[in-house]
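S.K.: Have a peek at protein38.tsv (TSV, C-alpha atoms (C1' of nucleotides)).
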chain	number	residue	atom	x	y	z
A	1	MET	CA	-1.39	-4.83	-23.32
A	2	SER	CA	-1.45	-1.66	-21.32
A	3	LYS	CA	-1.84	-3.25	-17.98
A	4	SER	CA	-3.50	-1.20	-15.38
A	5	TYR	CA	-1.37	-0.13	-12.48
A	6	PHE	CA	-3.15	-2.57	-10.20
A	7	GLU	CA	-2.36	-5.42	-12.58
A	8	ASN	CA	1.30	-4.68	-11.94
A	9	VAL	CA	0.69	-4.58	-8.22
A	10	PHE	CA	-0.90	-8.02	-8.44
A	11	GLU	CA	2.07	-9.49	-10.29
A	12	VAL	CA	4.59	-8.02	-7.93
A	13	THR	CA	2.58	-9.15	-4.93
A	14	LYS	CA	2.43	-12.68	-6.28
A	15	ARG	CA	6.23	-12.65	-6.63
A	16	ILE	CA	6.76	-11.92	-2.94
A	17	PRO	CA	8.76	-14.88	-1.60
A	18	VAL	CA	6.97	-17.09	0.89
A	19	GLY	CA	7.91	-16.21	4.41
A	20	ARG	CA	8.71	-12.66	3.42
A	21	VAL	CA	6.72	-9.46	3.58
A	22	THR	CA	6.87	-6.07	1.93
A	23	ASN	CA	5.19	-2.75	2.32
A	24	TYR	CA	3.06	-0.60	0.07
A	25	GLY	CA	5.73	2.02	-0.37
A	26	ALA	CA	8.20	-0.54	-1.72
A	27	ILE	CA	5.78	-1.68	-4.39
A	28	ALA	CA	4.80	1.88	-5.17
A	29	ASP	CA	8.42	2.84	-5.50
A	30	PHE	CA	9.22	-0.20	-7.59
A	31	LEU	CA	6.41	0.52	-10.01
A	32	ALA	CA	7.16	4.23	-9.83
A	33	LEU	CA	3.60	4.81	-8.83
A	34	GLY	CA	4.69	7.51	-6.47
A	35	SER	CA	1.92	6.76	-4.06
A	36	ALA	CA	1.57	3.86	-1.70
A	37	ARG	CA	-2.14	4.51	-1.43
A	38	MET	CA	-2.78	3.16	-4.89
A	39	VAL	CA	-1.04	-0.06	-3.99
A	40	GLY	CA	-3.38	-0.59	-1.08
A	41	TRP	CA	-6.27	0.32	-3.24
A	42	ALA	CA	-5.19	-2.06	-5.97
A	43	LEU	CA	-4.86	-4.84	-3.42
A	44	ASN	CA	-8.34	-4.05	-2.28
A	45	LYS	CA	-9.57	-5.43	-5.59
A	46	SER	CA	-7.25	-8.41	-5.27
A	47	LYS	CA	-9.55	-9.86	-2.62
A	48	HIS	CA	-11.45	-11.80	-5.22
A	49	LEU	CA	-8.20	-12.98	-6.83
A	50	ASN	CA	-5.52	-15.41	-5.75
A	51	ILE	CA	-3.22	-12.69	-4.53
A	52	PRO	CA	-1.17	-13.17	-1.34
A	53	ALA	CA	-2.09	-9.72	-0.16
A	54	HIS	CA	-1.42	-10.86	3.38
A	55	ARG	CA	2.28	-10.52	2.61
A	56	VAL	CA	1.87	-6.81	2.12
A	57	VAL	CA	1.86	-4.70	5.23
A	58	ASN	CA	2.32	-1.05	5.93
A	59	ARG	CA	5.61	0.65	6.74
A	60	LYS	CA	5.20	-0.03	10.43
A	61	GLY	CA	4.93	-3.74	9.75
A	62	GLU	CA	1.33	-3.68	10.92
A	63	LEU	CA	-1.34	-5.76	9.22
A	64	SER	CA	-3.29	-2.67	8.32
A	65	GLY	CA	-5.36	-4.50	5.71
A	66	ARG	CA	-6.44	-7.39	7.88
A	67	ASN	CA	-9.80	-5.74	8.33
A	68	GLN	CA	-10.49	-6.12	4.62
A	69	PHE	CA	-9.97	-9.88	4.65
A	70	PRO	CA	-12.95	-12.23	4.86
A	71	HIS	CA	-11.92	-12.68	8.47
A	72	PRO	CA	-9.60	-10.21	10.18
A	73	GLN	CA	-7.70	-13.11	11.69
A	74	LEU	CA	-7.10	-14.72	8.31
A	75	MET	CA	-4.24	-12.39	7.42
A	76	GLU	CA	-2.13	-13.09	10.47
A	77	GLN	CA	-3.09	-16.73	10.25
A	78	LEU	CA	-1.75	-16.96	6.72
A	79	LEU	CA	1.44	-15.16	7.69
A	80	GLN	CA	1.99	-17.44	10.65
A	81	SER	CA	1.35	-20.36	8.33
A	82	GLU	CA	4.32	-19.17	6.28
A	83	GLY	CA	6.57	-18.95	9.29
A	84	ILE	CA	6.07	-15.28	9.99
A	85	GLU	CA	5.34	-14.51	13.60
A	86	ILE	CA	2.66	-11.96	14.33
A	87	VAL	CA	2.22	-10.20	17.63
A	88	ASN	CA	-0.35	-7.55	18.31
A	89	ASN	CA	-1.15	-7.51	14.58
A	90	LYS	CA	2.43	-6.60	13.79
A	91	VAL	CA	5.14	-8.57	11.97
A	92	VAL	CA	7.86	-9.67	14.33
A	93	ASP	CA	11.32	-8.73	13.11
A	94	PHE	CA	9.68	-7.01	10.19
A	95	LYS	CA	12.93	-5.33	9.26
A	96	ASN	CA	14.53	-8.71	8.79
A	97	LEU	CA	11.62	-10.23	6.88
A	98	PHE	CA	11.18	-7.19	4.69
A	99	TRP	CA	11.56	-7.86	0.98
A	100	HIS	CA	11.89	-5.28	-1.76
A	101	PRO	CA	10.63	-6.08	-5.27
A	102	GLY	CA	13.66	-4.45	-6.82
A	103	TRP	CA	15.91	-7.04	-5.20
A	104	ASP	CA	14.72	-9.84	-7.49
A	105	LEU	CA	12.58	-8.13	-10.08
A	106	LYS	CA	13.29	-5.66	-12.83
A	107	GLN	CA	11.26	-2.53	-13.30
A	108	SER	CA	11.65	-3.06	-17.04
A	109	ASP	CA	9.28	-5.99	-16.82
A	110	PHE	CA	6.73	-4.26	-14.65
A	111	ILE	CA	6.88	-0.57	-15.34
A	112	THR	CA	3.47	0.11	-16.46
A	113	LYS	CA	3.69	2.59	-19.21
A	114	VAL	CA	-0.02	2.54	-19.10
A	115	LYS	CA	-1.05	6.05	-20.00
A	116	LYS	CA	-2.94	4.61	-22.91
B	117	DG	C1'	-16.90	16.97	-14.89
B	118	DT	C1'	-16.07	17.64	-9.85
B	119	DT	C1'	-15.58	15.81	-5.19
B	120	DT	C1'	-14.37	12.28	-1.83
B	121	DT	C1'	-12.09	8.30	-0.40
B	122	DG	C1'	-8.38	5.07	-0.03
B	123	DA	C1'	-5.15	-1.95	3.09
B	124	DC	C1'	0.27	4.70	3.01
B	125	DG	C1'	4.78	7.28	3.37
B	126	DG	C1'	7.74	10.84	4.46
B	127	DT	C1'	8.69	15.06	6.75
B	128	DC	C1'	7.86	18.60	10.07
B	129	DT	C1'	6.77	20.04	14.78
C	130	DT	C1'	10.96	9.82	20.53
C	131	DA	C1'	6.13	10.33	19.39
C	132	DG	C1'	2.37	12.61	17.20
C	133	DA	C1'	0.27	15.38	13.45
C	134	DC	C1'	0.03	17.15	8.72
C	135	DC	C1'	0.50	17.12	3.95
C	136	DG	C1'	1.23	14.89	-0.38
C	137	DC	C1'	0.57	11.07	-4.41
C	138	DC	C1'	-2.59	9.22	-8.11
C	139	DA	C1'	-6.49	6.88	-9.50
C	140	DA	C1'	-11.25	5.21	-9.36
C	141	DA	C1'	-15.99	5.44	-7.86
C	142	DA	C1'	-20.09	8.24	-6.63
Could you write out this structure as structure tokens?
M.R.:
Amino acid sequence: MSKSYFENVFEVTKRIPVGRVTNYGAIADFLALGSARMVGWALNKSKHLNIPAHRVVNRKGELSGRNQFPHPQLMEQLLQSEGIEIVNNKVVDFKNLFWHPGWDLKQSDFITKVKK
DNA sequence: GTTTTGACGGTCT
DNA sequence: TAGACCGCCAAAA
């Protein structure tokens, strides 16, 4: 198998509950990537896939990646469609809507172990 | 093979 | 409390 680290990011991202959001650091920490930047980078490739990347925001709860969507408004539109309120490109009550992968997922099933 | 960039996070000032 | 700097790891040029 040896999934690439971004493959793991995709799976975790797809497991984000609807109506919930997470941040790059949470995914990075969950996968023990050690760097949130890779998560954002991995999601950058997810554009052409069916990945709910709109549920991933930065630590401030801001839709930092909206600019990478086909239409910058699409990200907040999708979030609002899931019941998440967005104001000034930020998630309202982000702290309450925040979801950590480790709450429902096990590292054992995602830890990459890539290092071919 | 080396350098630069990247949808970020945490800590220091 | 807010702003600035440095650090993480990998892929593309």
S.K.: Give me, as a PDB file with C-alpha atoms, in the frame of the given file, the residues of chain A touching chain C, with the criterion being at most 9 Å (counting all atoms listed in the file).
M.R.:
ATOM      1  CA  LEU A  33       3.600   4.810  -8.830  1.00  0.00           C
ATOM      2  CA  GLY A  34       4.690   7.510  -6.470  1.00  0.00           C
ATOM      3  CA  SER A  35       1.920   6.760  -4.060  1.00  0.00           C
ATOM      4  CA  ALA A  36       1.570   3.860  -1.700  1.00  0.00           C
ATOM      5  CA  ARG A  37      -2.140   4.510  -1.430  1.00  0.00           C
ATOM      6  CA  MET A  38      -2.780   3.160  -4.890  1.00  0.00           C
TER       7      MET A  38
END
S.K.: Would you mind listing, as a compact mmCIF listing (two decimals) with C-alpha atoms, in the frame of the given file, all residues of chain A that have at least one atom within 9 Å of chain B, where only C-alpha atoms (C1' of nucleotides) are what counts?
M.R.:
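Resulting contents of part-v2.txt:
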# COMPACT_ATOMS: atom_id res chain seq x y z
CA ASN A 23 5.19 -2.75 2.32
CA TYR A 24 3.06 -0.60 0.07
CA GLY A 25 5.73 2.02 -0.37
CA SER A 35 1.92 6.76 -4.06
CA ALA A 36 1.57 3.86 -1.70
CA ARG A 37 -2.14 4.51 -1.43
CA MET A 38 -2.78 3.16 -4.89
CA VAL A 39 -1.04 -0.06 -3.99
CA GLY A 40 -3.38 -0.59 -1.08
CA TRP A 41 -6.27 0.32 -3.24
CA LEU A 43 -4.86 -4.84 -3.42
CA ASN A 44 -8.34 -4.05 -2.28
CA ALA A 53 -2.09 -9.72 -0.16
CA VAL A 56 1.87 -6.81 2.12
CA VAL A 57 1.86 -4.70 5.23
CA ASN A 58 2.32 -1.05 5.93
CA ARG A 59 5.61 0.65 6.74
CA LEU A 63 -1.34 -5.76 9.22
CA SER A 64 -3.29 -2.67 8.32
CA GLY A 65 -5.36 -4.50 5.71
CA ARG A 66 -6.44 -7.39 7.88
CA ASN A 67 -9.80 -5.74 8.33
CA GLN A 68 -10.49 -6.12 4.62
S.K.: Using only C-alpha atoms, find the one residue out of A:Lys60, A:Arg15, A:Arg55, A:His48 that sits nearest to A:Lys95.
M.R.: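 The closest residue to A:Lys95 is A:Lys60.
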S.K.: What lies within 12 Å of A:Trp103 using only C-alpha atoms (C1' of nucleotides), ignoring chain neighbours under 4 positions off, as a ChimeraX atom specification?
M.R.: /A:12,15-17,22,26-27,30,98-99,107
S.K.: Would you work out the distance separating atom CA of A:Ala42 from atom CA of A:Phe6, expressed in Å to one decimal?
M.R.: 4.7 Å
S.K.: Assuming 6 Å of padding per side, give the centre and edge lengths of the axis-aligned box around every listed atom of stretch 131-141 of chain C, in Å to one decimal and as lines of an AutoDock Vina configuration file.
M.R.:
center_x = -4.9
center_y = 11.2
center_z = 4.9
size_x = 34.1
size_y = 23.9
size_z = 40.9
S.K.: Between atom CA of A:Ser81 and atom CA of A:Asn8, what is the distance in Å, rounded to a tenth?
M.R.: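 Interatomic distance, atom CA of A:Ser81 to atom CA of A:Asn8: 25.6 Å.
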S.K.: Restricting the calculation to all atoms listed in the file, which member of A:Asn89, A:Thr13, A:Ser4, A:Asn96 is positioned closest to A:Leu49?
M.R.: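 When distances to A:Leu49 are compared using all atoms listed in the file, the smallest one comes from A:Thr13.
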